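Reproduced below: input10.txt, with compact mmCIF, C-alpha atoms.
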# COMPACT_ATOMS: atom_id res chain seq x y z
CA MET N 1 8.73 -18.21 64.58
CA THR N 2 5.33 -17.93 66.25
CA ALA N 3 3.27 -14.81 65.54
CA LEU N 4 1.66 -13.06 68.50
CA HIS N 5 -1.80 -11.69 67.71
CA ARG N 6 -3.72 -9.03 69.63
CA LEU N 7 -7.43 -8.31 69.77
CA GLU N 8 -8.87 -5.40 71.71
CA SER N 9 -12.55 -4.74 72.24
CA THR N 10 -14.19 -1.93 74.23
CA GLN N 11 -17.89 -1.66 75.03
CA VAL N 12 -19.91 0.58 77.33
CA LEU N 13 -22.73 -1.20 79.13
CA PRO N 14 -25.58 0.68 80.85
CA ILE N 15 -24.93 -1.00 84.21
CA SER N 16 -22.82 -0.29 87.28
CA VAL N 17 -19.30 -1.58 87.70
CA GLU N 18 -20.61 -3.82 90.49
CA GLU N 19 -23.21 -5.38 88.14
CA ALA N 20 -20.64 -5.80 85.37
CA TRP N 21 -18.18 -7.40 87.77
CA ALA N 22 -20.81 -9.78 89.14
CA PHE N 23 -21.67 -10.95 85.61
CA PHE N 24 -18.18 -11.23 84.10
CA SER N 25 -16.39 -12.66 87.12
CA ASP N 26 -18.79 -15.64 87.16
CA PRO N 27 -17.56 -18.26 84.64
CA ARG N 28 -21.08 -19.72 84.55
CA ASN N 29 -22.02 -16.77 82.33
CA LEU N 30 -19.51 -17.67 79.60
CA ALA N 31 -21.99 -20.00 77.88
CA ARG N 32 -24.43 -17.06 77.57
CA ILE N 33 -21.94 -14.95 75.61
CA THR N 34 -20.29 -17.67 73.50
CA PRO N 35 -21.65 -18.47 70.02
CA PRO N 36 -23.77 -21.66 70.17
CA GLU N 37 -21.85 -23.37 67.36
CA LEU N 38 -18.81 -23.55 69.66
CA ARG N 39 -20.79 -25.89 71.95
CA PHE N 40 -19.22 -24.35 75.05
CA ARG N 41 -19.74 -26.38 78.21
CA LEU N 42 -18.34 -25.67 81.66
CA ILE N 43 -17.08 -28.85 83.32
CA SER N 44 -15.47 -27.46 86.51
CA GLU N 45 -16.94 -27.21 89.95
CA LEU N 46 -16.74 -23.52 90.84
CA PRO N 47 -16.39 -21.63 94.10
CA ASP N 48 -18.67 -18.75 95.02
CA ALA N 49 -16.03 -16.14 94.14
CA MET N 50 -13.24 -15.93 91.57
CA TYR N 51 -9.68 -15.79 92.88
CA ALA N 52 -6.15 -15.75 91.48
CA GLY N 53 -5.05 -19.34 91.01
CA LEU N 54 -8.51 -20.67 90.11
CA PHE N 55 -8.43 -23.28 87.33
CA ILE N 56 -11.55 -23.58 85.15
CA SER N 57 -12.17 -26.43 82.69
CA TYR N 58 -14.46 -26.26 79.67
CA GLU N 59 -15.28 -28.25 76.60
CA ILE N 60 -15.47 -26.33 73.35
CA ALA N 61 -15.60 -27.11 69.63
CA PRO N 62 -13.43 -24.34 68.17
CA LEU N 63 -12.86 -25.73 64.69
CA LEU N 64 -14.65 -28.21 62.43
CA GLY N 65 -16.96 -29.30 65.27
CA VAL N 66 -14.15 -31.17 67.05
CA THR N 67 -14.66 -30.98 70.82
CA MET N 68 -11.64 -30.36 73.01
CA ARG N 69 -10.85 -29.50 76.59
CA TRP N 70 -9.82 -25.93 77.41
CA VAL N 71 -8.36 -25.16 80.83
CA THR N 72 -7.78 -21.60 81.95
CA GLU N 73 -6.24 -20.19 85.09
CA ILE N 74 -7.34 -16.91 86.63
CA THR N 75 -3.92 -15.39 87.21
CA HIS N 76 -4.79 -11.87 88.44
CA VAL N 77 -7.84 -10.42 90.19
CA ASP N 78 -8.35 -6.80 91.22
CA GLU N 79 -11.98 -6.92 92.27
CA ARG N 80 -14.31 -4.63 90.30
CA HIS N 81 -11.35 -3.41 88.20
CA MET N 82 -9.78 -6.29 86.26
CA PHE N 83 -8.99 -9.94 86.00
CA VAL N 84 -6.80 -12.05 83.71
CA ASP N 85 -7.38 -15.55 82.41
CA GLU N 86 -4.62 -17.55 80.75
CA GLN N 87 -4.93 -20.83 78.89
CA ARG N 88 -3.14 -23.76 80.50
CA LEU N 89 -4.46 -26.44 78.13
CA GLY N 90 -6.28 -25.89 74.84
CA PRO N 91 -6.09 -24.94 71.19
CA TYR N 92 -3.65 -22.02 71.47
CA ARG N 93 0.06 -21.92 72.07
CA LEU N 94 -0.62 -18.80 74.16
CA TRP N 95 -3.86 -17.19 75.35
CA HIS N 96 -3.73 -14.19 77.72
CA HIS N 97 -7.06 -12.36 78.19
CA GLU N 98 -7.31 -9.18 80.26
CA HIS N 99 -10.77 -7.97 81.33
CA TRP N 100 -10.89 -4.31 82.49
CA PHE N 101 -13.84 -2.44 84.03
CA ARG N 102 -14.25 1.26 84.82
CA ALA N 103 -17.14 3.55 85.58
CA VAL N 104 -17.96 6.04 82.82
CA PRO N 105 -20.93 8.35 82.27
CA GLY N 106 -23.87 6.10 81.44
CA GLY N 107 -22.47 2.87 82.84
CA THR N 108 -19.35 0.75 82.73
CA GLU N 109 -16.66 0.59 80.10
CA MET N 110 -15.57 -2.98 79.63
CA ARG N 111 -12.31 -3.48 77.76
CA ASP N 112 -10.89 -6.82 76.69
CA THR N 113 -7.33 -7.26 75.51
CA VAL N 114 -6.39 -10.70 74.22
CA HIS N 115 -2.91 -11.76 73.18
CA TYR N 116 -2.81 -15.15 71.53
CA ALA N 117 -0.59 -17.34 69.39
CA LEU N 118 -1.20 -20.55 67.50
CA PRO N 119 1.06 -23.58 67.44
CA GLY N 120 2.51 -24.83 64.19
CA GLY N 121 4.83 -22.10 62.95
CA VAL N 122 4.14 -21.35 59.28
CA LEU N 123 1.13 -23.69 59.21
CA GLY N 124 -0.29 -21.90 62.27
CA ALA N 125 0.14 -18.56 60.48
CA VAL N 126 -1.77 -19.88 57.47
CA VAL N 127 -4.56 -21.29 59.64
CA HIS N 128 -4.78 -17.94 61.45
CA ALA N 129 -5.01 -16.02 58.19
CA LEU N 130 -7.62 -18.36 56.72
CA VAL N 131 -9.79 -19.21 59.73
CA VAL N 132 -8.75 -18.41 63.28
CA GLY N 133 -8.28 -14.64 63.10
CA GLU N 134 -11.82 -14.13 61.78
CA ARG N 135 -13.19 -16.75 64.20
CA VAL N 136 -11.75 -14.93 67.23
CA ARG N 137 -13.10 -11.58 65.97
CA SER N 138 -16.54 -13.13 65.33
CA ILE N 139 -16.69 -14.51 68.88
CA PHE N 140 -16.16 -11.01 70.26
CA THR N 141 -18.69 -9.56 67.80
CA TYR N 142 -21.26 -12.12 68.95
CA ARG N 143 -20.45 -11.35 72.56
CA ARG N 144 -20.85 -7.59 71.96
CA GLN N 145 -24.30 -8.12 70.45
CA VAL N 146 -25.49 -10.43 73.24
CA LEU N 147 -24.25 -8.07 75.96
CA GLU N 148 -25.80 -5.02 74.32
CA SER N 149 -29.13 -6.79 73.98
CA ARG N 150 -29.07 -8.22 77.51
CA PHE N 151 -27.99 -5.15 79.41
CA THR N 152 -29.85 -2.57 77.34
CA ALA N 153 -33.05 -4.55 77.96
CA MET N 154 -32.26 -4.72 81.67
CA ALA N 155 -31.62 -0.97 81.83
CA ALA N 156 -34.94 -0.35 80.06
CA GLY N 157 -36.69 -2.49 82.66
CA ALA N 158 -37.69 -5.29 80.27
What's the structure tokens form of this structure?
Amino acid sequence: MTALHRLESTQVLPISVEEAWAFFSDPRNLARITPPELRFRLISELPDAMYAGLFISYEIAPLLGVTMRWVTEITHVDERHMFVDEQRLGPYRLWHHEHWFRAVPGGTEMRDTVHYALPGGVLGAVVHALVVGERVRSIFTYRRQVLESRFTAMAAGA
């Protein structure tokens, strides 16, 4: 049986919902918020605006420096409120990532909810316990730090 894992992360950024949406709905910004050791590289041609049904292809080295293709589909878009990306090809058996945005005092609350599962049954569970669970958490920790630094500096006028 495959275990379904969940990661939730919430962060308030000192920017408007419109600014947050402009940044996060542009896949070109993913490389800026992905740890460098993952060697993330966008390989898709992209339209000017995200839409439901958009497929995006990347190369990434998620484990042991081995590069692989990752293809996601944007399955839902509610402009300035939320969007969902789902893996169609890549390292996970399932990857469903919801991005939520709402105005709060002092800026925008950004909430990510990721549901994911690994292939491999019992072996996948062991790999998750030993490596993948911490790796996924560390990616979101890195992202939190980069976003805080970037948008706090922007708000301060740096």
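Each of N:Ala3, N:Ile74, N:Ala117, N:Val126 was compared to Arg93 in chain N using only C-alpha atoms, and N:Ala117 turns out to be the nearest.
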* With only C-alpha atoms as the atoms that count, which of N:Glu45, N:Leu89, N:Pro62, N:Leu4 lies nearest to Val131 in chain N? -> N:Pro62
* Asked: From the set N:Arg32, N:Arg102, N:His96, N:Arg39, which residue has the shortest atom-to-atom contact distance to Glu19 in chain N, counting all atoms listed in the file?
  ->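 Nearest to Glu19 in chain N: N:Arg102.
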* Point (-25.5, 0.1, 81.8), cut-off 8 Å, counting only C-alpha atoms, residues as a ChimeraX atom specification -> /N:12-16,106-108,151-152,155
* To do: Measuring atom to atom with only C-alpha atoms, identify which of N:His5, N:Arg144, N:His115, N:His99 is nearest to Asp78 in chain N.
  =>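 Under the stated criterion, the closest residue is N:His99.
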* Proximity to Thr67 in chain N - best of N:Asp48, N:Glu37, N:Glu79, N:Asp85, only C-alpha atoms ->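 Closest candidate: N:Glu37.
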* **Pick from N:Ile43, N:Leu30, N:Leu7, N:Val104, whichever lies nearest to Arg143 in chain N using all atoms listed in the file** =>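 Selected residue with least distance to Arg143 in chain N: N:Leu30.
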Neighbour residues at most 10 Å from (-16.6, -14.2, 86.2) (all atoms listed in the file) as a compact mmCIF listing (two decimals) with C-alpha atoms, in the frame of the given file:
# COMPACT_ATOMS: atom_id res chain seq x y z
CA ALA N 20 -20.64 -5.80 85.37
CA TRP N 21 -18.18 -7.40 87.77
CA ALA N 22 -20.81 -9.78 89.14
CA PHE N 23 -21.67 -10.95 85.61
CA PHE N 24 -18.18 -11.23 84.10
CA SER N 25 -16.39 -12.66 87.12
CA ASP N 26 -18.79 -15.64 87.16
CA PRO N 27 -17.56 -18.26 84.64
CA ARG N 28 -21.08 -19.72 84.55
CA ASN N 29 -22.02 -16.77 82.33
CA LEU N 30 -19.51 -17.67 79.60
CA ALA N 49 -16.03 -16.14 94.14
CA MET N 50 -13.24 -15.93 91.57
CA TYR N 51 -9.68 -15.79 92.88
CA ILE N 74 -7.34 -16.91 86.63
CA PHE N 83 -8.99 -9.94 86.00
CA HIS N 99 -10.77 -7.97 81.33
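Counting from CA of Gln11 in chain N, the distance to CA of Ala52 in chain N is 24.6 Å.
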* To do: Do a neighbour search on Gly133 in chain N at 10 Å with only C-alpha atoms, toss out local chain neighbours closer than 5 positions, and write the hits as a PyMOL selection string.
  => chain N and resi 5-7+125+127-128+138
* Separation of CA of Gly124 in chain N from CA of Leu64 in chain N, in Å and rounded to one decimal ->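 Here the two named atoms are 15.7 Å from each other.
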* Point-to-point distance from CA of Arg69 in chain N to CA of Leu94 in chain N, Å rounded to tenths -> 15.0 Å
Neighbouring residues of Thr34 in chain N were defined as those with any atom within 8 Å, considering only C-alpha atoms; residues of the same chain fewer than 3 positions away were excluded. Please report them as an mmCIF file with C-alpha atoms, in the coordinates of the input.
data_model
loop_
_atom_site.group_PDB
_atom_site.id
_atom_site.type_symbol
_atom_site.label_atom_id
_atom_site.label_comp_id
_atom_site.auth_asym_id
_atom_site.auth_seq_id
_atom_site.Cartn_x
_atom_site.Cartn_y
_atom_site.Cartn_z
ATOM 1 C CA LEU N 30 -19.510 -17.670 79.600
ATOM 2 C CA ALA N 31 -21.990 -20.000 77.880
ATOM 3 C CA LEU N 38 -18.810 -23.550 69.660
ATOM 4 C CA PHE N 40 -19.220 -24.350 75.050
ATOM 5 C CA ILE N 139 -16.690 -14.510 68.880
ATOM 6 C CA TYR N 142 -21.260 -12.120 68.950
ATOM 7 C CA ARG N 143 -20.450 -11.350 72.560
#
At the level of C-alpha atoms, write range 5-132 of chain N to a file as a short mmCIF file (atom, residue, chain, number, x, y, z; two decimals), in the first residue's frame, please.
data_model
loop_
_atom_site.label_atom_id
_atom_site.label_comp_id
_atom_site.auth_asym_id
_atom_site.auth_seq_id
_atom_site.Cartn_x
_atom_site.Cartn_y
_atom_site.Cartn_z
CA HIS N 5 2.11 12.30 2.71
CA ARG N 6 1.02 15.89 3.36
CA LEU N 7 3.09 19.02 3.82
CA GLU N 8 1.54 22.38 4.63
CA SER N 9 3.40 25.66 4.78
CA THR N 10 2.02 29.15 5.48
CA GLN N 11 3.95 32.39 5.17
CA VAL N 12 2.94 36.05 5.25
CA LEU N 13 4.79 38.21 2.75
CA PRO N 14 4.83 42.03 2.97
CA ILE N 15 3.45 42.45 -0.56
CA SER N 16 0.03 42.75 -2.16
CA VAL N 17 -1.92 39.77 -3.43
CA GLU N 18 -1.38 41.10 -6.96
CA GLU N 19 2.42 41.14 -6.46
CA ALA N 20 2.38 37.68 -4.90
CA TRP N 21 0.26 36.32 -7.73
CA ALA N 22 2.52 37.86 -10.38
CA PHE N 23 5.57 36.20 -8.81
CA PHE N 24 4.17 32.75 -8.02
CA SER N 25 2.08 32.27 -11.14
CA ASP N 26 5.19 32.70 -13.31
CA PRO N 27 7.04 29.35 -13.52
CA ARG N 28 10.21 31.24 -14.49
CA ASN N 29 10.53 32.18 -10.81
CA LEU N 30 10.75 28.55 -9.63
CA ALA N 31 14.52 28.47 -10.12
CA ARG N 32 14.85 31.45 -7.74
CA ILE N 33 13.14 29.60 -4.89
CA THR N 34 14.54 26.10 -5.45
CA PRO N 35 17.72 25.01 -3.64
CA PRO N 36 20.70 25.19 -6.05
CA GLU N 37 21.77 21.60 -5.39
CA LEU N 38 18.58 20.41 -7.12
CA ARG N 39 19.89 21.95 -10.38
CA PHE N 40 16.39 23.03 -11.38
CA ARG N 41 16.08 24.05 -15.03
CA LEU N 42 12.94 25.06 -16.88
CA ILE N 43 12.81 23.51 -20.35
CA SER N 44 9.31 24.54 -21.53
CA GLU N 45 8.35 27.45 -23.69
CA LEU N 46 5.86 29.43 -21.60
CA PRO N 47 2.91 31.65 -22.45
CA ASP N 48 2.50 35.11 -20.96
CA ALA N 49 -0.15 33.91 -18.48
CA MET N 50 -0.76 30.67 -16.60
CA TYR N 51 -3.94 28.76 -17.42
CA ALA N 52 -5.59 25.47 -16.47
CA GLY N 53 -4.25 22.78 -18.78
CA LEU N 54 -0.76 24.29 -19.10
CA PHE N 55 2.01 21.65 -19.10
CA ILE N 56 5.42 22.74 -17.80
CA SER N 57 8.60 20.68 -18.19
CA TYR N 58 11.68 20.94 -15.98
CA GLU N 59 14.89 19.12 -15.33
CA ILE N 60 15.77 18.52 -11.70
CA ALA N 61 18.25 16.41 -9.73
CA PRO N 62 16.15 15.34 -6.73
CA LEU N 63 18.34 12.55 -5.37
CA LEU N 64 22.01 11.62 -5.62
CA GLY N 65 22.61 14.24 -8.34
CA VAL N 66 20.71 12.20 -10.94
CA THR N 67 18.95 14.54 -13.38
CA MET N 68 15.43 13.68 -14.45
CA ARG N 69 12.54 15.27 -16.27
CA TRP N 70 9.59 16.55 -14.25
CA VAL N 71 6.39 17.52 -16.03
CA THR N 72 3.58 19.27 -14.20
CA GLU N 73 0.14 20.34 -15.34
CA ILE N 74 -1.60 23.41 -13.99
CA THR N 75 -4.99 21.87 -13.30
CA HIS N 76 -6.86 24.73 -11.57
CA VAL N 77 -6.48 28.51 -11.68
CA ASP N 78 -8.52 31.05 -9.74
CA GLU N 79 -6.57 34.20 -10.51
CA ARG N 80 -5.11 35.99 -7.47
CA HIS N 81 -6.61 33.31 -5.17
CA MET N 82 -5.16 29.88 -5.96
CA PHE N 83 -3.70 27.49 -8.46
CA VAL N 84 -2.88 23.78 -8.45
CA ASP N 85 -0.02 21.96 -10.11
CA GLU N 86 0.03 18.18 -10.46
CA GLN N 87 2.90 16.00 -11.58
CA ARG N 88 2.32 14.14 -14.83
CA LEU N 89 5.85 12.71 -15.15
CA GLY N 90 8.55 12.67 -12.49
CA PRO N 91 9.90 11.15 -9.31
CA TYR N 92 6.61 10.82 -7.38
CA ARG N 93 3.74 8.43 -7.75
CA LEU N 94 1.49 11.39 -6.90
CA TRP N 95 2.22 15.11 -6.51
CA HIS N 96 -0.66 17.56 -5.94
CA HIS N 97 0.40 21.08 -4.90
CA GLU N 98 -2.16 23.76 -3.99
CA HIS N 99 -1.01 27.39 -3.81
CA TRP N 100 -3.41 29.73 -1.93
CA PHE N 101 -3.19 33.53 -1.59
CA ARG N 102 -5.22 35.91 0.57
CA ALA N 103 -4.85 39.46 1.75
CA VAL N 104 -4.09 39.83 5.46
CA PRO N 105 -2.97 42.81 7.55
CA GLY N 106 0.61 43.54 6.51
CA GLY N 107 0.55 41.73 3.18
CA THR N 108 -0.41 38.40 1.67
CA GLU N 109 -0.74 35.03 3.34
CA MET N 110 0.60 32.37 1.05
CA ARG N 111 -0.35 28.80 1.92
CA ASP N 112 0.97 25.70 0.21
CA THR N 113 -0.59 22.28 0.66
CA VAL N 114 1.23 19.38 -0.97
CA HIS N 115 -0.02 15.81 -1.07
CA TYR N 116 2.51 13.37 -2.42
CA ALA N 117 3.27 9.66 -2.58
CA LEU N 118 6.33 7.71 -3.62
CA PRO N 119 6.38 4.64 -5.80
CA GLY N 120 7.78 1.38 -4.52
CA GLY N 121 5.48 0.30 -1.69
CA VAL N 122 7.53 -0.68 1.37
CA LEU N 123 10.79 0.44 -0.26
CA GLY N 124 9.20 3.82 -1.04
CA ALA N 125 8.16 4.15 2.62
CA VAL N 126 11.74 3.46 3.74
CA VAL N 127 13.18 5.95 1.24
CA HIS N 128 10.65 8.54 2.45
CA ALA N 129 11.57 7.96 6.09
CA LEU N 130 15.31 8.09 5.41
CA VAL N 131 15.59 10.80 2.75
CA VAL N 132 12.59 12.16 0.90
#
